[in-house]
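Source file: data_31.tsv; contents: TSV, C-alpha atoms.
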chain	number	residue	atom	x	y	z
R	1	MET	CA	31.18	-51.92	-73.57
R	2	ALA	CA	34.84	-51.67	-74.32
R	3	SER	CA	37.04	-49.93	-71.81
R	4	ALA	CA	39.43	-47.86	-73.86
R	5	GLY	CA	41.18	-46.74	-70.69
R	6	ARG	CA	42.15	-50.27	-69.80
R	7	VAL	CA	43.33	-51.07	-73.33
R	8	ASP	CA	45.51	-47.96	-73.46
R	9	LYS	CA	46.94	-48.73	-70.03
R	10	GLU	CA	47.70	-52.29	-71.01
R	11	ILE	CA	49.31	-51.29	-74.29
R	12	ALA	CA	51.55	-48.81	-72.47
R	13	LEU	CA	52.57	-51.55	-70.02
R	14	ILE	CA	53.20	-54.33	-72.53
R	15	CYS	CA	55.21	-52.07	-74.82
R	16	GLN	CA	57.69	-51.25	-72.06
R	17	PRO	CA	60.98	-53.13	-72.38
R	18	ASP	CA	61.09	-55.76	-69.66
R	19	SER	CA	64.18	-57.92	-69.60
R	20	THR	CA	62.86	-60.47	-67.12
R	21	SER	CA	59.59	-61.69	-68.58
R	22	GLY	CA	60.67	-62.36	-72.16
R	23	VAL	CA	57.44	-60.97	-73.59
R	24	ILE	CA	56.96	-57.56	-75.17
R	25	ALA	CA	54.70	-56.02	-77.78
R	26	GLN	CA	54.60	-53.04	-80.04
R	27	VAL	CA	51.72	-51.28	-81.70
R	28	ALA	CA	51.41	-52.48	-85.28
R	29	ASP	CA	51.92	-49.90	-88.03
R	30	ASP	CA	48.34	-50.32	-89.14
R	31	ASP	CA	46.85	-49.93	-85.65
R	32	LYS	CA	43.22	-48.75	-85.66
R	33	CYS	CA	42.88	-49.39	-89.39
R	34	VAL	CA	43.39	-53.11	-89.72
R	35	PRO	CA	41.98	-53.69	-93.19
R	36	SER	CA	40.27	-56.94	-92.35
R	37	CYS	CA	38.93	-55.95	-88.94
R	38	PRO	CA	36.06	-53.78	-87.77
R	39	ARG	CA	36.80	-50.26	-86.66
R	40	GLY	CA	37.95	-49.81	-83.07
R	41	TRP	CA	40.01	-52.96	-82.95
R	42	ARG	CA	43.58	-52.55	-81.88
R	43	HIS	CA	46.48	-54.33	-83.48
R	44	LEU	CA	49.74	-55.25	-81.74
R	45	ILE	CA	52.72	-57.35	-82.68
R	46	GLY	CA	53.97	-59.31	-79.69
R	47	THR	CA	57.37	-60.91	-79.32
R	48	ILE	CA	57.97	-63.98	-77.18
R	49	THR	CA	61.42	-65.25	-76.34
R	50	GLY	CA	61.78	-69.03	-76.51
R	51	PRO	CA	62.06	-70.39	-72.95
R	52	GLU	CA	65.38	-71.82	-71.84
R	53	GLY	CA	65.65	-75.58	-71.62
R	54	THR	CA	63.13	-76.11	-74.42
R	55	PRO	CA	63.70	-76.73	-78.14
R	56	TYR	CA	62.55	-73.13	-78.61
R	57	GLU	CA	65.49	-71.67	-76.67
R	58	GLY	CA	67.20	-68.91	-78.61
R	59	GLY	CA	64.16	-68.33	-80.79
R	60	VAL	CA	62.25	-65.08	-81.07
R	61	PHE	CA	58.61	-65.55	-82.02
R	62	ASP	CA	56.34	-62.84	-83.34
R	63	VAL	CA	52.70	-63.06	-82.39
R	64	ASP	CA	49.86	-61.22	-84.08
R	65	ILE	CA	47.57	-59.72	-81.42
R	66	ILE	CA	44.21	-58.19	-82.21
R	67	ILE	CA	42.23	-56.61	-79.39
R	68	PRO	CA	38.53	-56.69	-80.29
R	69	THR	CA	36.13	-53.89	-79.38
R	70	GLU	CA	34.51	-56.09	-76.74
R	71	TYR	CA	37.80	-56.64	-74.91
R	72	PRO	CA	38.17	-57.43	-71.96
R	73	PHE	CA	34.90	-59.31	-72.19
R	74	GLU	CA	36.19	-61.15	-75.23
R	75	PRO	CA	39.69	-62.62	-75.43
R	76	PRO	CA	42.38	-61.02	-77.57
R	77	LYS	CA	42.91	-62.84	-80.85
R	78	MET	CA	46.43	-64.19	-81.04
R	79	LYS	CA	48.31	-66.25	-83.58
R	80	PHE	CA	51.94	-66.92	-84.32
R	81	ILE	CA	53.42	-64.96	-87.23
R	82	THR	CA	56.74	-66.76	-86.89
R	83	LYS	CA	56.50	-70.37	-87.98
R	84	ILE	CA	56.81	-72.75	-85.04
R	85	TRP	CA	56.78	-76.55	-84.63
R	86	HIS	CA	54.51	-77.10	-81.64
R	87	PRO	CA	51.59	-79.50	-81.04
R	88	ASN	CA	49.23	-76.69	-80.06
R	89	VAL	CA	50.12	-74.32	-82.90
R	90	SER	CA	49.24	-74.87	-86.53
R	91	SER	CA	52.48	-75.32	-88.47
R	92	GLN	CA	50.71	-73.81	-91.49
R	93	THR	CA	48.67	-70.89	-90.18
R	94	GLY	CA	50.09	-70.16	-86.72
R	95	ALA	CA	46.63	-70.61	-85.14
R	96	ILE	CA	46.91	-71.33	-81.42
R	97	CYS	CA	44.96	-73.85	-79.36
R	98	LEU	CA	44.98	-72.45	-75.85
R	99	ASP	CA	41.92	-72.60	-73.59
R	100	ILE	CA	42.35	-69.11	-72.09
R	101	LEU	CA	42.24	-67.60	-75.58
R	102	LYS	CA	38.90	-69.34	-76.10
R	103	ASP	CA	36.29	-70.49	-73.58
R	104	GLN	CA	38.48	-70.11	-70.50
R	105	TRP	CA	39.09	-66.41	-71.05
R	106	SER	CA	38.38	-64.15	-68.10
R	107	PRO	CA	38.48	-60.34	-67.91
R	108	ALA	CA	40.91	-60.77	-65.01
R	109	LEU	CA	43.50	-61.80	-67.59
R	110	THR	CA	45.48	-59.25	-69.59
R	111	ILE	CA	47.43	-59.11	-72.83
R	112	LYS	CA	50.56	-59.64	-70.80
R	113	THR	CA	49.28	-62.66	-68.86
R	114	ALA	CA	47.97	-64.16	-72.10
R	115	MET	CA	51.42	-63.75	-73.67
R	116	LEU	CA	53.04	-65.29	-70.59
R	117	SER	CA	50.61	-68.21	-70.96
R	118	LEU	CA	51.75	-68.61	-74.55
R	119	GLN	CA	55.33	-68.69	-73.33
R	120	ALA	CA	54.33	-71.32	-70.76
R	121	LEU	CA	52.69	-73.31	-73.56
R	122	LEU	CA	56.08	-73.45	-75.27
R	123	CYS	CA	57.48	-75.01	-72.09
R	124	SER	CA	54.71	-77.56	-71.69
R	125	PRO	CA	52.92	-78.62	-74.88
R	126	GLU	CA	49.54	-80.36	-74.59
R	127	PRO	CA	49.62	-83.02	-77.33
R	128	SER	CA	46.33	-84.49	-76.07
R	129	ASP	CA	44.51	-81.35	-77.26
R	130	PRO	CA	46.40	-80.59	-80.46
R	131	GLN	CA	46.00	-77.84	-82.99
R	132	ASP	CA	48.31	-79.60	-85.45
R	133	ALA	CA	47.70	-83.36	-85.48
R	134	GLN	CA	50.88	-84.15	-87.40
R	135	VAL	CA	53.09	-82.31	-84.92
R	136	ALA	CA	51.26	-83.83	-81.96
R	137	ARG	CA	51.71	-87.34	-83.36
R	138	MET	CA	55.44	-86.76	-83.75
R	139	TYR	CA	55.60	-85.37	-80.20
R	140	LEU	CA	53.96	-88.51	-78.81
R	141	ASP	CA	55.61	-91.11	-81.07
R	142	ASN	CA	59.11	-89.79	-81.47
R	143	LYS	CA	60.05	-87.09	-78.98
R	144	SER	CA	63.68	-86.81	-80.13
R	145	GLU	CA	62.64	-86.24	-83.73
R	146	PHE	CA	60.13	-83.68	-82.50
R	147	ASP	CA	62.83	-81.83	-80.56
R	148	ARG	CA	65.11	-81.90	-83.59
R	149	THR	CA	62.42	-80.56	-85.93
R	150	ALA	CA	61.39	-77.86	-83.47
R	151	GLN	CA	65.02	-76.75	-83.18
R	152	GLN	CA	65.44	-76.75	-86.95
R	153	TRP	CA	62.37	-74.56	-87.29
R	154	VAL	CA	63.79	-72.18	-84.69
R	155	GLN	CA	67.00	-72.02	-86.75
R	156	MET	CA	65.11	-71.45	-90.00
R	157	TYR	CA	62.36	-69.10	-88.93
R	158	ALA	CA	62.84	-67.75	-85.40
R	159	THR	CA	66.52	-66.87	-85.15
R	160	PRO	CA	67.17	-63.15	-85.47
R	161	LYS	CA	69.19	-62.63	-88.65
R	162	SER	CA	72.51	-60.84	-88.57
R	163	GLU	CA	73.11	-58.13	-91.18
R	164	ALA	CA	75.65	-60.40	-92.91
R	165	SER	CA	73.25	-63.30	-93.26
R	166	LYS	CA	70.53	-60.90	-94.44
R	167	ASN	CA	72.86	-59.68	-97.19
R	168	GLU	CA	73.68	-63.25	-98.18
R	169	ALA	CA	69.98	-64.03	-98.45
R	170	ILE	CA	69.45	-60.95	-100.62
R	171	GLU	CA	72.37	-62.03	-102.84
R	172	ARG	CA	70.92	-65.52	-103.26
R	173	VAL	CA	67.52	-64.15	-104.26
R	174	CYS	CA	69.17	-61.67	-106.66
R	175	GLU	CA	71.01	-64.53	-108.32
R	176	MET	CA	67.63	-65.92	-109.28
R	177	GLY	CA	67.09	-62.88	-111.45
R	178	PHE	CA	65.37	-60.36	-109.19
R	179	ASP	CA	66.57	-56.82	-108.57
R	180	ARG	CA	68.04	-56.01	-105.20
R	181	ASP	CA	65.30	-53.68	-103.94
R	182	SER	CA	62.41	-56.02	-104.59
R	183	ALA	CA	64.39	-58.97	-103.25
R	184	LYS	CA	65.05	-57.08	-100.02
R	185	ARG	CA	61.44	-55.96	-99.70
R	186	ALA	CA	60.09	-59.48	-100.28
R	187	LEU	CA	62.50	-60.96	-97.75
R	188	GLU	CA	61.57	-58.39	-95.12
R	189	GLU	CA	57.89	-59.01	-95.71
R	190	HIS	CA	58.36	-62.75	-95.30
R	191	LYS	CA	60.60	-62.59	-92.25
R	192	TRP	CA	63.68	-63.61	-94.25
R	193	ASP	CA	62.09	-66.88	-95.34
R	194	GLU	CA	63.79	-67.18	-98.74
R	195	SER	CA	61.42	-69.65	-100.37
R	196	ALA	CA	58.37	-67.64	-99.25
R	197	ALA	CA	59.97	-64.45	-100.58
R	198	VAL	CA	60.79	-66.05	-103.93
R	199	ASN	CA	57.28	-67.44	-104.20
R	200	ALA	CA	55.88	-63.98	-103.55
R	201	LEU	CA	58.20	-62.47	-106.17
R	202	LEU	CA	57.05	-65.09	-108.67
R	203	GLY	CA	53.48	-64.19	-107.82
R	204	MET	CA	52.72	-67.67	-106.56
Q	1	MET	CA	33.45	-15.07	-36.82
Q	2	PRO	CA	36.28	-17.55	-37.11
Q	3	PRO	CA	36.96	-19.71	-34.09
Q	4	THR	CA	40.01	-18.95	-32.05
Q	5	MET	CA	42.20	-21.58	-30.53
Q	6	ILE	CA	44.69	-20.88	-27.82
Q	7	THR	CA	47.29	-23.50	-27.08
Q	8	THR	CA	49.95	-23.55	-24.50
Q	9	THR	CA	53.22	-25.16	-25.29
Q	10	SER	CA	54.43	-27.46	-22.58
Q	11	PRO	CA	58.19	-27.69	-22.88
Q	12	ASN	CA	59.86	-30.64	-21.20
Q	13	ASN	CA	62.54	-28.43	-19.87
Q	14	ASN	CA	61.22	-26.63	-16.78
Q	15	ASN	CA	64.07	-24.17	-16.78
Q	16	ARG	CA	62.73	-22.53	-19.86
Q	17	ASN	CA	60.14	-19.84	-19.52
Q	18	ASN	CA	56.64	-20.89	-20.41
Q	19	THR	CA	55.66	-19.23	-23.62
Q	20	LYS	CA	52.06	-18.84	-24.49
Q	21	LEU	CA	51.39	-19.33	-28.16
Q	22	LYS	CA	48.32	-17.74	-29.51
Q	23	ILE	CA	46.97	-19.25	-32.74
Q	24	LYS	CA	44.14	-17.72	-34.60
Q	25	ILE	CA	42.57	-19.94	-37.22
Q	26	LYS	CA	41.31	-17.74	-39.98
Q	27	ARG	CA	40.15	-20.30	-42.48
Q	28	TRP	CA	40.02	-24.05	-42.87
Q	29	HIS	CA	39.00	-26.64	-45.43
Q	30	GLY	CA	37.15	-29.75	-44.46
Q	31	VAL	CA	38.44	-32.77	-46.41
Q	32	ALA	CA	36.48	-36.01	-46.48
Q	33	ARG	CA	37.54	-39.28	-48.02
Q	34	TRP	CA	35.31	-42.21	-48.79
Q	35	THR	CA	35.93	-45.76	-49.93
Q	36	TRP	CA	33.85	-48.81	-50.71
Q	37	GLY	CA	35.85	-50.72	-48.16
Q	38	VAL	CA	37.45	-53.00	-50.72
Q	39	GLY	CA	41.07	-54.02	-51.10
Q	40	SER	CA	43.99	-52.48	-49.31
Q	41	SER	CA	42.47	-49.02	-49.15
Q	42	GLY	CA	39.34	-50.45	-47.60
Q	43	GLU	CA	41.29	-52.39	-45.03
Q	44	ARG	CA	43.05	-49.29	-43.84
Q	45	ASN	CA	39.89	-47.31	-43.45
Q	46	ASN	CA	37.60	-49.87	-41.91
Q	47	ASN	CA	39.57	-51.18	-38.98
Q	48	ASN	CA	36.69	-50.32	-36.70
Q	49	ASN	CA	34.41	-52.70	-38.54
Q	50	ASP	CA	35.53	-56.31	-38.29
Q	51	ASP	CA	33.06	-57.62	-40.83
Q	52	ASP	CA	34.62	-55.52	-43.53
Q	53	MET	CA	37.98	-57.12	-43.00
Q	54	ASP	CA	36.95	-60.28	-44.76
Q	55	HIS	CA	36.46	-58.44	-47.98
Q	56	GLY	CA	39.68	-56.55	-47.55
Q	57	GLU	CA	41.77	-59.63	-46.98
Q	58	MET	CA	40.41	-61.49	-49.95
Q	59	ASP	CA	41.53	-58.89	-52.43
Q	60	ASP	CA	45.21	-58.89	-53.11
Q	61	ASP	CA	44.90	-56.08	-55.63
Q	62	ASP	CA	45.74	-52.45	-55.05
Q	63	GLY	CA	42.22	-51.19	-54.68
Q	64	ILE	CA	41.42	-51.58	-58.36
Q	65	CYS	CA	38.60	-53.40	-60.09
Q	66	ILE	CA	40.38	-56.12	-62.05
Q	67	VAL	CA	37.91	-55.89	-64.93
Q	68	CYS	CA	38.34	-52.23	-65.86
Q	69	GLN	CA	41.69	-51.86	-64.04
Q	70	GLY	CA	40.39	-48.64	-62.52
Q	71	PRO	CA	40.09	-47.81	-58.80
Q	72	TYR	CA	36.95	-49.08	-57.02
Q	73	GLU	CA	36.28	-45.52	-55.96
Q	74	GLY	CA	36.48	-44.29	-59.55
Q	75	ALA	CA	33.88	-44.53	-62.27
Q	76	ALA	CA	33.69	-47.71	-64.32
Q	77	PRO	CA	33.53	-47.43	-68.12
Q	78	GLY	CA	30.04	-46.34	-69.02
Q	79	CYS	CA	29.59	-44.49	-65.73
Q	80	LYS	CA	29.81	-40.76	-65.62
Q	81	TYR	CA	30.26	-40.29	-61.90
Q	82	PRO	CA	31.78	-42.47	-59.21
Q	83	GLY	CA	29.83	-43.29	-56.08
Q	84	ASP	CA	26.25	-44.46	-55.94
Q	85	GLU	CA	25.95	-44.50	-59.68
Q	86	CYS	CA	28.85	-46.91	-59.89
Q	87	PRO	CA	28.68	-49.19	-56.86
Q	88	VAL	CA	30.97	-52.06	-55.96
Q	89	VAL	CA	29.42	-55.50	-55.61
Q	90	TRP	CA	30.71	-58.73	-54.11
Q	91	GLY	CA	30.27	-62.27	-55.24
Q	92	ARG	CA	29.80	-65.10	-52.76
Q	93	CYS	CA	33.41	-65.98	-53.41
Q	94	GLY	CA	34.34	-62.64	-51.86
Q	95	HIS	CA	35.72	-60.97	-54.98
Q	96	ALA	CA	34.60	-57.44	-55.66
Q	97	PHE	CA	34.02	-55.56	-58.92
Q	98	HIS	CA	32.18	-52.50	-60.15
Q	99	LEU	CA	28.56	-53.48	-60.71
Q	100	GLN	CA	28.79	-52.34	-64.34
Q	101	CYS	CA	31.98	-54.31	-64.93
Q	102	VAL	CA	30.81	-57.63	-63.54
Q	103	SER	CA	27.38	-57.39	-65.11
Q	104	ALA	CA	28.92	-56.66	-68.52
Q	105	TRP	CA	31.03	-59.80	-68.11
Q	106	LEU	CA	28.05	-61.93	-67.02
Q	107	ARG	CA	26.05	-60.60	-69.96
Q	108	SER	CA	28.82	-61.44	-72.40
Q	109	GLN	CA	29.02	-64.97	-70.96
Q	110	GLU	CA	25.26	-65.38	-71.47
Q	111	GLN	CA	25.59	-64.21	-75.05
Q	112	GLY	CA	28.42	-66.69	-75.53
Q	113	ASP	CA	26.11	-69.44	-74.30
Q	114	ALA	CA	23.34	-68.40	-76.62
Q	115	SER	CA	25.65	-68.57	-79.63
Q	116	GLY	CA	26.90	-71.97	-78.57
Q	117	GLY	CA	30.31	-70.91	-77.29
Q	118	GLY	CA	31.60	-69.76	-73.94
Q	119	SER	CA	31.45	-71.49	-70.60
Q	120	ALA	CA	28.25	-72.96	-69.22
Q	121	THR	CA	27.80	-71.03	-65.99
Q	122	PRO	CA	28.37	-67.37	-65.24
Q	123	SER	CA	31.63	-67.25	-63.36
Q	124	CYS	CA	33.66	-64.88	-61.21
Q	125	PRO	CA	36.33	-63.16	-63.34
Q	126	THR	CA	38.95	-63.73	-60.66
Q	127	CYS	CA	38.40	-67.30	-59.40
Q	128	ARG	CA	35.99	-68.75	-62.01
Q	129	ALA	CA	33.66	-69.89	-59.21
Q	130	GLU	CA	30.01	-69.82	-60.20
Q	131	TRP	CA	28.94	-66.22	-59.82
Q	132	GLU	CA	26.29	-65.35	-57.27
Q	133	TYR	CA	25.87	-61.92	-55.80
Q	134	GLY	CA	27.05	-62.26	-52.24
Q	135	GLY	CA	25.67	-59.11	-50.70
Q	136	SER	CA	27.23	-55.74	-50.23
Q	137	ASN	CA	29.35	-54.48	-47.37
Q	138	SER	CA	26.29	-53.32	-45.45
Q	139	ALA	CA	24.57	-56.69	-45.87
Q	140	ALA	CA	27.64	-58.40	-44.49
Q	141	SER	CA	28.00	-56.15	-41.47
Q	142	SER	CA	24.30	-56.36	-40.61
Q	143	GLY	CA	24.75	-60.12	-40.39
Q	144	SER	CA	22.39	-61.06	-43.19
Q	145	GLY	CA	24.18	-64.38	-43.25
Q	146	ASN	CA	24.45	-64.83	-47.00
Q	147	ASN	CA	28.17	-64.16	-47.12
Q	148	GLY	CA	30.33	-67.26	-46.84
Q	149	ALA	CA	33.41	-65.35	-45.78
Q	150	VAL	CA	31.65	-63.75	-42.82
Q	151	LEU	CA	30.17	-67.05	-41.67
Q	152	THR	CA	33.58	-68.71	-41.71
Q	153	ASN	CA	34.97	-65.91	-39.65
Q	154	THR	CA	32.21	-66.21	-37.06
Q	155	ARG	CA	32.85	-69.90	-36.66
Q	156	GLY	CA	36.54	-69.29	-36.27
Q	157	GLN	CA	35.92	-66.80	-33.47
Q	158	SER	CA	33.54	-69.02	-31.52
Q	159	ALA	CA	35.96	-71.92	-31.74
Q	160	GLY	CA	38.65	-69.72	-30.28
Q	161	GLU	CA	36.38	-68.67	-27.40
Q	162	SER	CA	35.38	-72.19	-26.45
Q	163	GLY	CA	38.98	-73.25	-26.43
Q	164	SER	CA	40.08	-70.70	-23.87

Please express what this file holds, its structure, as C-alpha cells.
Amino acid sequence: MASAGRVDKEIALICQPDSTSGVIAQVADDDKCVPSCPRGWRHLIGTITGPEGTPYEGGVFDVDIIIPTEYPFEPPKMKFITKIWHPNVSSQTGAICLDILKDQWSPALTIKTAMLSLQALLCSPEPSDPQDAQVARMYLDNKSEFDRTAQQWVQMYATPKSEASKNEAIERVCEMGFDRDSAKRALEEHKWDESAAVNALLGM
Amino acid sequence: MPPTMITTTSPNNNNRNNTKLKIKIKRWHGVARWTWGVGSSGERNNNNNDDDMDHGEMDDDDGICIVCQGPYEGAAPGCKYPGDECPVVWGRCGHAFHLQCVSAWLRSQEQGDASGGGSATPSCPTCRAEWEYGGSNSAASSGSGNNGAVLTNTRGQSAGESGS
C-alpha cells in the first residue's frame, strides 16, 4: 500500500531550497510517466553538493531518484547521473552501493535522509564493499592518485558551466561540422560532456 | 431550560462597591479530545497515568507515525476513519506505529525474504530491533508485564525507595 500523502509531503519538503543541507531535488519533467517504469512511480532529479574537505568539494552531482509504488516499504531507487569517481559508485553507470538503499532500508528513512546518506558516502567511501572495483583498488593502493582523479572528474563532469564556457563548448562541437542548434541540444542532453555529445550526434 | 450561573466578582480593592454579575448561559458546546497517548501529545494528556509516560518519552517525534508521516490520531493510508479502525501499536522496543503501517512493513519484509532479498528478521522501522508486539497502552498500565520499558521503570522506582 503506497501512501501518496507521504510521498507528496516529502516531495514538497525536498524541493524547498535549503542552503544548509546541500541536498535538494526537483520533480523530473517526465514525472508520473517515466517511460521505463510502471505507472504510479514518481521521478525526481536530486542535486547533491560535494562536501567540503573532500575531493568532491565544489562539485554539483545530479542523482536520478525513482520512488516506486511500494514506497516507503521499498527503498527509493537512486543512481548518479553526473559521472563521479568514487569506490561505491559505478564510474560507468552511476549505480550506487549503499546498504540503506538496499537491504538496510527502513520506512523511517526519507528521500531527504537517503540523499544526506549519499552525501555522507562522499565524505567516507567504503572501499571494502565496492561498486566499482577499479576505483576501489586505486583508493586503497594509491590514495593521492585517487584524490587527483576524483578532482579531475569533478572538474570535467560536476562543475557548473558558465555561459562563456558553454558557448566555447558549442563552438568546438560546431567546428566538427554540426549545426549550432543540434550541437547545443546534444550538449545539454549530455550535461556538457563534449565527447558524449559528439558521440550522440554521430549516432554512436 | 438552560442552566443559569450566577457569579460574584470579588475585587481586591475593598473600597470599590461589590458588583454582582449575572451570567446566563444560553448555549454551550462540549468539546472532547482523544489521543492514543503516544509522543509529545500523549505525554501532555496522560500525566495522571505514570505507565503511559514510558511510551511518551521514547518517541522523539511530534506525534506522528514515522511510517506514514501522519498523526497517530489520524487515519493511516488504507484506513477510512481514525480511531478503533486504525489503532496504534507498540513494539517491545517501545516504538509506536499505526497497526496498518507497521504490519505493511513487516509483510513487505517477509516478501523480501521469500524472494531471497531483504533482511532476515522482521525489524522495527525506527531502531531495527527485532519486531515483537509489545502490548498496547492498556496492557502496559494493567501491568501485564510484557513491556520492557515499564519493567525497567518499576525497577528504577524500587531502587530509589530502598535507598531512602

task = Specify as a list in words all residues of chain R found within 7 Å of chain Q, counting all atoms listed in the file.
result =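 Listing them in order of chain and number gives Ser3, Arg6, Phe73, Asp103, Ser106, Pro107 and Ala108 of chain R.
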
Save the residues we just selected, C-alpha atoms, as a PDB file, keeping the file's coordinate frame?
ATOM      1  CA  SER R   3      37.040 -49.930 -71.810  1.00  0.00           C
ATOM      2  CA  ARG R   6      42.150 -50.270 -69.800  1.00  0.00           C
ATOM      3  CA  PHE R  73      34.900 -59.310 -72.190  1.00  0.00           C
ATOM      4  CA  ASP R 103      36.290 -70.490 -73.580  1.00  0.00           C
ATOM      5  CA  SER R 106      38.380 -64.150 -68.100  1.00  0.00           C
ATOM      6  CA  PRO R 107      38.480 -60.340 -67.910  1.00  0.00           C
ATOM      7  CA  ALA R 108      40.910 -60.770 -65.010  1.00  0.00           C
TER       8      ALA R 108
END

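Going from CA of Ala186 in chain R to CA of Glu163 in chain R covers 15.9 Å.
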
query = Within 9 Å of Ala95 in chain R, counting all atoms listed in the file, which residues qualify if same-chain residues fewer than 2 places away don't, as number ranges by chain?
reply = R: 78-80, 88-93, 97, 131

ask   = Can you tell me, as an NGL selection string, which residues sit within 9 Å of (56.3, -60.5, -84.4) in the file's frame, using all atoms listed in the file?
value = :R and (25-26 or 44-48 or 60-64 or 80-82)

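We find CA of Pro122 in chain Q and CA of Val89 in chain Q to be spaced 15.3 Å apart.
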
query = Which residue out of R:Asp193, R:Ile24, R:Ser144, R:Gly50 has the minimum interatomic distance to Thr113 in chain R when only C-alpha atoms are used?
reply =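 Answer, going by the shortest atom-to-atom distance: R:Ile24.
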
task = Counting all atoms listed in the file, write as a PyMOL selection string all protein and nucleic acid residues lying at most 7 Å from (37.0, -56.5, -57.4) in the file's frame.
result = chain Q and resi 64-66+95-98

Å distance separating CA of Arg180 in chain R from CA of Tyr157 in chain R, one decimal place =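 Distance between the two atoms: 21.6 Å.
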
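Comparing the minimum interatomic distances between Ile11 in chain R and each of R:Glu194, R:Lys112, R:Pro127, R:Gly59, counting only C-alpha atoms, we find that R:Lys112 sits nearest.
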
task = Please provide the set of residues having any atom within 10 Å of range 79-83 of chain Q, restricted to all atoms listed in the file, with same-chain residues fewer than 5 positions apart removed, written as a ChimeraX atom specification.
result = /Q:34-36,71-74,88,100

Emit the selected residues as a PDB file, keeping the file's coordinate frame, including C-alpha atoms.
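To be explicit, this is the file written out as out11.pdb:
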ATOM      1  CA  TRP Q  34      35.310 -42.210 -48.790  1.00  0.00           C
ATOM      2  CA  THR Q  35      35.930 -45.760 -49.930  1.00  0.00           C
ATOM      3  CA  TRP Q  36      33.850 -48.810 -50.710  1.00  0.00           C
ATOM      4  CA  PRO Q  71      40.090 -47.810 -58.800  1.00  0.00           C
ATOM      5  CA  TYR Q  72      36.950 -49.080 -57.020  1.00  0.00           C
ATOM      6  CA  GLU Q  73      36.280 -45.520 -55.960  1.00  0.00           C
ATOM      7  CA  GLY Q  74      36.480 -44.290 -59.550  1.00  0.00           C
ATOM      8  CA  VAL Q  88      30.970 -52.060 -55.960  1.00  0.00           C
ATOM      9  CA  GLN Q 100      28.790 -52.340 -64.340  1.00  0.00           C
TER      10      GLN Q 100
END

Subset file as a CSV table (one decimal), in the first residue's frame: range 59-70 of chain R, N, CA, C and O atoms:
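Result file is out.csv:
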chain,number,residue,atom,x,y,z
R,59,GLY,N,31.9,20.4,-6.4
R,59,GLY,CA,31.1,19.7,-7.4
R,59,GLY,C,29.6,19.7,-7.1
R,59,GLY,O,29.2,19.8,-6.0
R,60,VAL,N,28.8,19.6,-8.2
R,60,VAL,CA,27.4,19.5,-8.1
R,60,VAL,C,26.9,18.2,-8.8
R,60,VAL,O,27.2,18.1,-10.0
R,61,PHE,N,26.4,17.3,-8.0
R,61,PHE,CA,26.1,16.0,-8.6
R,61,PHE,C,24.6,15.8,-8.7
R,61,PHE,O,23.8,15.9,-7.8
R,62,ASP,N,24.2,15.4,-9.9
R,62,ASP,CA,22.7,15.1,-10.1
R,62,ASP,C,22.5,13.6,-9.8
R,62,ASP,O,23.3,12.8,-10.2
R,63,VAL,N,21.4,13.4,-9.2
R,63,VAL,CA,21.1,12.0,-8.8
R,63,VAL,C,19.7,11.7,-9.3
R,63,VAL,O,18.7,12.5,-9.1
R,64,ASP,N,19.5,10.6,-10.0
R,64,ASP,CA,18.2,10.1,-10.5
R,64,ASP,C,17.5,9.4,-9.4
R,64,ASP,O,18.0,8.5,-8.8
R,65,ILE,N,16.3,9.9,-9.1
R,65,ILE,CA,15.5,9.3,-7.9
R,65,ILE,C,14.2,8.8,-8.5
R,65,ILE,O,13.4,9.6,-9.0
R,66,ILE,N,14.0,7.5,-8.3
R,66,ILE,CA,12.6,7.0,-8.7
R,66,ILE,C,12.0,6.4,-7.4
R,66,ILE,O,12.6,5.7,-6.7
R,67,ILE,N,10.8,6.9,-7.1
R,67,ILE,CA,10.0,6.4,-6.0
R,67,ILE,C,9.0,5.4,-6.4
R,67,ILE,O,8.1,5.7,-7.1
R,68,PRO,N,9.3,4.1,-6.0
R,68,PRO,CA,8.4,3.1,-6.5
R,68,PRO,C,7.0,3.1,-5.8
R,68,PRO,O,6.9,3.8,-4.8
R,69,THR,N,6.0,2.4,-6.4
R,69,THR,CA,4.7,2.5,-5.8
R,69,THR,C,4.7,2.0,-4.4
R,69,THR,O,3.9,2.4,-3.6
R,70,GLU,N,5.6,1.0,-4.1
R,70,GLU,CA,5.5,0.4,-2.8
R,70,GLU,C,6.2,1.3,-1.7
R,70,GLU,O,6.3,0.9,-0.5
